[in-house]
Amino acid sequence: MDTPEPVTGTYPEAPRLPLLTLAEARDAVRHLFLLEQLDLSPRGAAAGQLASELARRLPSDA
């Protein structure tokens with residue numbers, strides 16, 4: 001059985017951005033819901049839909 005060649009690659013030079021904290025994610029969801037209320041266009045409705053989808057992924061305050 002032949003051994004495959006190792007996978008090689010390069011890594012980006014720029015540092016990666018950190019993940020959002022839970023508090024930052026909740027703030028983003030709150031701002032999206034506010035945008036939904038203030039913008040009555042389809043863009044506002046899309047912001048509300050995105051907020052709902054993101055909110056379901058966050059842990060509850062239980």
# chains A, B, ... in the order shown; residues from 1 in each chain; ligands from 1
call {"tool": "residues_around", "arguments": {"residues": "Leu22 in chain A", "least_positions_apart": "2", "cutoff": "12 Å", "atoms": "only C-alpha atoms", "output": "compact mmCIF listing (two decimals) with N, CA and C atoms, in the first residue's frame"}}
result
# COMPACT_ATOMS: atom_id res chain seq x y z
N LEU A 19 -13.24 35.33 18.03
CA LEU A 19 -14.67 35.06 17.97
C LEU A 19 -15.41 36.06 18.84
N LEU A 20 -16.69 36.23 18.57
CA LEU A 20 -17.51 37.11 19.39
C LEU A 20 -17.73 36.50 20.77
N GLU A 24 -21.34 40.14 23.23
CA GLU A 24 -21.30 40.83 21.94
C GLU A 24 -22.34 40.25 20.98
N ALA A 25 -22.51 38.95 21.00
CA ALA A 25 -23.50 38.32 20.13
C ALA A 25 -24.91 38.74 20.52
N ARG A 26 -25.17 38.82 21.80
CA ARG A 26 -26.51 39.26 22.26
C ARG A 26 -26.75 40.72 21.90
N ASP A 27 -25.73 41.56 22.00
CA ASP A 27 -25.86 42.96 21.58
C ASP A 27 -26.17 43.05 20.09
N ALA A 28 -25.50 42.24 19.29
CA ALA A 28 -25.74 42.25 17.85
C ALA A 28 -27.18 41.85 17.54
N VAL A 29 -27.70 40.84 18.25
CA VAL A 29 -29.08 40.40 18.04
C VAL A 29 -30.04 41.52 18.43
N LEU A 54 -30.16 33.95 14.64
CA LEU A 54 -29.00 34.02 15.54
C LEU A 54 -29.39 33.80 17.00
N ALA A 55 -30.51 34.36 17.39
CA ALA A 55 -30.96 34.22 18.78
C ALA A 55 -31.20 32.76 19.15
N ARG A 57 -29.51 30.32 18.21
CA ARG A 57 -28.22 29.65 18.38
C ARG A 57 -27.52 30.01 19.68
N LEU A 58 -27.97 31.08 20.32
CA LEU A 58 -27.34 31.52 21.57
C LEU A 58 -27.89 30.75 22.75
N PRO A 59 -27.06 30.49 23.75
CA PRO A 59 -27.56 29.83 24.95
C PRO A 59 -28.56 30.71 25.68
N SER A 60 -29.52 30.07 26.34
CA SER A 60 -30.52 30.83 27.08
C SER A 60 -29.92 31.36 28.38
N ASP A 61 -30.65 32.27 29.02
CA ASP A 61 -30.17 32.87 30.28
C ASP A 61 -30.49 31.99 31.48
call {"tool": "residues_around", "arguments": {"residues": "Leu32 in chain A", "least_positions_apart": "5", "cutoff": "12 Å", "atoms": "only C-alpha atoms", "output": "PyMOL selection string"}}
result
chain A and resi 25-27+37-39+43-55
call {"tool": "select_by_dssp", "arguments": {"residues": "chain A", "states": "alpha helix (DSSP H)", "output": "PyMOL selection string"}}
result
chain A and resi 22-38+42-57
call {"tool": "write_last_selection", "arguments": {"atoms": "C-alpha atoms", "output": "CSV table (one decimal), in the first residue's frame"}}
result
chain,number,residue,atom,x,y,z
A,22,LEU,CA,-21.7,35.9,24.2
A,23,ALA,CA,-22.4,39.5,25.3
A,24,GLU,CA,-21.3,40.8,21.9
A,25,ALA,CA,-23.5,38.3,20.1
A,26,ARG,CA,-26.5,39.3,22.3
A,27,ASP,CA,-25.9,43.0,21.6
A,28,ALA,CA,-25.7,42.2,17.9
A,29,VAL,CA,-29.1,40.4,18.0
A,30,ARG,CA,-30.6,43.3,20.0
A,31,HIS,CA,-29.4,45.8,17.4
A,32,LEU,CA,-30.8,43.7,14.5
A,33,PHE,CA,-34.2,43.5,16.2
A,34,LEU,CA,-34.1,47.3,16.7
A,35,LEU,CA,-33.2,47.8,13.0
A,36,GLU,CA,-36.2,45.6,12.1
A,37,GLN,CA,-38.5,48.0,14.1
A,38,LEU,CA,-37.0,51.1,12.6
A,42,PRO,CA,-37.5,44.5,3.2
A,43,ARG,CA,-34.1,45.1,4.6
A,44,GLY,CA,-35.5,45.6,8.1
A,45,ALA,CA,-37.5,42.4,7.8
A,46,ALA,CA,-34.4,40.6,6.8
A,47,ALA,CA,-32.6,42.0,9.8
A,48,GLY,CA,-35.4,40.7,12.0
A,49,GLN,CA,-35.2,37.3,10.4
A,50,LEU,CA,-31.4,37.1,10.9
A,51,ALA,CA,-31.8,38.2,14.5
A,52,SER,CA,-34.3,35.4,15.1
A,53,GLU,CA,-32.0,32.8,13.5
A,54,LEU,CA,-29.0,34.0,15.5
A,55,ALA,CA,-31.0,34.2,18.8
A,56,ARG,CA,-31.9,30.5,18.5
A,57,ARG,CA,-28.2,29.7,18.4
call {"tool": "decode", "arguments": {"residues": "range 15-38 of chain A", "atoms": "N, CA, C and O atoms", "output": "PDB file, in the first residue's frame"}}
result
ATOM      1  N   PRO A  15      -3.172  38.348  11.274  1.00  0.00           N
ATOM      2  CA  PRO A  15      -3.756  37.638  12.425  1.00  0.00           C
ATOM      3  C   PRO A  15      -5.260  37.470  12.245  1.00  0.00           C
ATOM      4  O   PRO A  15      -5.915  38.284  11.596  1.00  0.00           O
ATOM      5  N   ARG A  16      -5.773  36.407  12.790  1.00  0.00           N
ATOM      6  CA  ARG A  16      -7.214  36.157  12.718  1.00  0.00           C
ATOM      7  C   ARG A  16      -7.932  36.979  13.781  1.00  0.00           C
ATOM      8  O   ARG A  16      -7.410  37.220  14.862  1.00  0.00           O
ATOM      9  N   LEU A  17      -9.156  37.355  13.462  1.00  0.00           N
ATOM     10  CA  LEU A  17      -9.962  38.084  14.421  1.00  0.00           C
ATOM     11  C   LEU A  17     -10.537  37.103  15.442  1.00  0.00           C
ATOM     12  O   LEU A  17     -10.879  35.976  15.098  1.00  0.00           O
ATOM     13  N   PRO A  18     -10.666  37.519  16.707  1.00  0.00           N
ATOM     14  CA  PRO A  18     -11.231  36.614  17.710  1.00  0.00           C
ATOM     15  C   PRO A  18     -12.724  36.407  17.485  1.00  0.00           C
ATOM     16  O   PRO A  18     -13.394  37.212  16.835  1.00  0.00           O
ATOM     17  N   LEU A  19     -13.240  35.326  18.028  1.00  0.00           N
ATOM     18  CA  LEU A  19     -14.668  35.065  17.972  1.00  0.00           C
ATOM     19  C   LEU A  19     -15.406  36.060  18.838  1.00  0.00           C
ATOM     20  O   LEU A  19     -14.839  36.664  19.753  1.00  0.00           O
ATOM     21  N   LEU A  20     -16.688  36.230  18.568  1.00  0.00           N
ATOM     22  CA  LEU A  20     -17.511  37.113  19.388  1.00  0.00           C
ATOM     23  C   LEU A  20     -17.726  36.502  20.766  1.00  0.00           C
ATOM     24  O   LEU A  20     -17.859  35.282  20.901  1.00  0.00           O
ATOM     25  N   THR A  21     -17.802  37.356  21.757  1.00  0.00           N
ATOM     26  CA  THR A  21     -18.201  36.879  23.078  1.00  0.00           C
ATOM     27  C   THR A  21     -19.720  36.732  23.090  1.00  0.00           C
ATOM     28  O   THR A  21     -20.416  37.254  22.203  1.00  0.00           O
ATOM     29  N   LEU A  22     -20.246  36.047  24.078  1.00  0.00           N
ATOM     30  CA  LEU A  22     -21.687  35.883  24.196  1.00  0.00           C
ATOM     31  C   LEU A  22     -22.370  37.237  24.349  1.00  0.00           C
ATOM     32  O   LEU A  22     -23.402  37.499  23.729  1.00  0.00           O
ATOM     33  N   ALA A  23     -21.777  38.119  25.144  1.00  0.00           N
ATOM     34  CA  ALA A  23     -22.361  39.454  25.338  1.00  0.00           C
ATOM     35  C   ALA A  23     -22.396  40.231  24.024  1.00  0.00           C
ATOM     36  O   ALA A  23     -23.389  40.905  23.713  1.00  0.00           O
ATOM     37  N   GLU A  24     -21.341  40.136  23.232  1.00  0.00           N
ATOM     38  CA  GLU A  24     -21.300  40.829  21.943  1.00  0.00           C
ATOM     39  C   GLU A  24     -22.339  40.253  20.985  1.00  0.00           C
ATOM     40  O   GLU A  24     -23.004  41.005  20.256  1.00  0.00           O
ATOM     41  N   ALA A  25     -22.511  38.948  21.001  1.00  0.00           N
ATOM     42  CA  ALA A  25     -23.498  38.316  20.134  1.00  0.00           C
ATOM     43  C   ALA A  25     -24.912  38.742  20.524  1.00  0.00           C
ATOM     44  O   ALA A  25     -25.748  39.028  19.657  1.00  0.00           O
ATOM     45  N   ARG A  26     -25.175  38.818  21.804  1.00  0.00           N
ATOM     46  CA  ARG A  26     -26.506  39.263  22.259  1.00  0.00           C
ATOM     47  C   ARG A  26     -26.751  40.721  21.899  1.00  0.00           C
ATOM     48  O   ARG A  26     -27.870  41.098  21.516  1.00  0.00           O
ATOM     49  N   ASP A  27     -25.727  41.560  21.997  1.00  0.00           N
ATOM     50  CA  ASP A  27     -25.856  42.958  21.582  1.00  0.00           C
ATOM     51  C   ASP A  27     -26.169  43.047  20.093  1.00  0.00           C
ATOM     52  O   ASP A  27     -27.005  43.848  19.670  1.00  0.00           O
ATOM     53  N   ALA A  28     -25.498  42.241  19.292  1.00  0.00           N
ATOM     54  CA  ALA A  28     -25.744  42.249  17.851  1.00  0.00           C
ATOM     55  C   ALA A  28     -27.183  41.847  17.543  1.00  0.00           C
ATOM     56  O   ALA A  28     -27.840  42.466  16.694  1.00  0.00           O
ATOM     57  N   VAL A  29     -27.696  40.841  18.246  1.00  0.00           N
ATOM     58  CA  VAL A  29     -29.076  40.405  18.036  1.00  0.00           C
ATOM     59  C   VAL A  29     -30.041  41.523  18.435  1.00  0.00           C
ATOM     60  O   VAL A  29     -31.000  41.812  17.713  1.00  0.00           O
ATOM     61  N   ARG A  30     -29.783  42.188  19.554  1.00  0.00           N
ATOM     62  CA  ARG A  30     -30.643  43.299  19.985  1.00  0.00           C
ATOM     63  C   ARG A  30     -30.652  44.417  18.946  1.00  0.00           C
ATOM     64  O   ARG A  30     -31.703  44.988  18.639  1.00  0.00           O
ATOM     65  N   HIS A  31     -29.481  44.726  18.393  1.00  0.00           N
ATOM     66  CA  HIS A  31     -29.404  45.787  17.386  1.00  0.00           C
ATOM     67  C   HIS A  31     -30.134  45.392  16.097  1.00  0.00           C
ATOM     68  O   HIS A  31     -30.773  46.236  15.460  1.00  0.00           O
ATOM     69  N   LEU A  32     -30.056  44.134  15.723  1.00  0.00           N
ATOM     70  CA  LEU A  32     -30.779  43.679  14.541  1.00  0.00           C
ATOM     71  C   LEU A  32     -32.289  43.757  14.749  1.00  0.00           C
ATOM     72  O   LEU A  32     -33.038  44.149  13.843  1.00  0.00           O
ATOM     73  N   PHE A  33     -32.774  43.401  15.943  1.00  0.00           N
ATOM     74  CA  PHE A  33     -34.203  43.525  16.234  1.00  0.00           C
ATOM     75  C   PHE A  33     -34.627  44.993  16.216  1.00  0.00           C
ATOM     76  O   PHE A  33     -35.711  45.329  15.726  1.00  0.00           O
ATOM     77  N   LEU A  34     -33.787  45.876  16.719  1.00  0.00           N
ATOM     78  CA  LEU A  34     -34.087  47.306  16.690  1.00  0.00           C
ATOM     79  C   LEU A  34     -34.139  47.810  15.256  1.00  0.00           C
ATOM     80  O   LEU A  34     -35.032  48.584  14.883  1.00  0.00           O
ATOM     81  N   LEU A  35     -33.201  47.370  14.440  1.00  0.00           N
ATOM     82  CA  LEU A  35     -33.205  47.750  13.028  1.00  0.00           C
ATOM     83  C   LEU A  35     -34.489  47.291  12.348  1.00  0.00           C
ATOM     84  O   LEU A  35     -35.068  48.012  11.528  1.00  0.00           O
ATOM     85  N   GLU A  36     -34.967  46.105  12.707  1.00  0.00           N
ATOM     86  CA  GLU A  36     -36.218  45.595  12.133  1.00  0.00           C
ATOM     87  C   GLU A  36     -37.374  46.534  12.453  1.00  0.00           C
ATOM     88  O   GLU A  36     -38.229  46.808  11.610  1.00  0.00           O
ATOM     89  N   GLN A  37     -37.407  47.063  13.677  1.00  0.00           N
ATOM     90  CA  GLN A  37     -38.492  47.953  14.085  1.00  0.00           C
ATOM     91  C   GLN A  37     -38.394  49.319  13.415  1.00  0.00           C
ATOM     92  O   GLN A  37     -39.415  49.941  13.106  1.00  0.00           O
ATOM     93  N   LEU A  38     -37.180  49.803  13.178  1.00  0.00           N
ATOM     94  CA  LEU A  38     -36.991  51.140  12.633  1.00  0.00           C
ATOM     95  C   LEU A  38     -37.025  51.189  11.109  1.00  0.00           C
ATOM     96  O   LEU A  38     -37.361  52.216  10.535  1.00  0.00           O
TER      97      LEU A  38
END
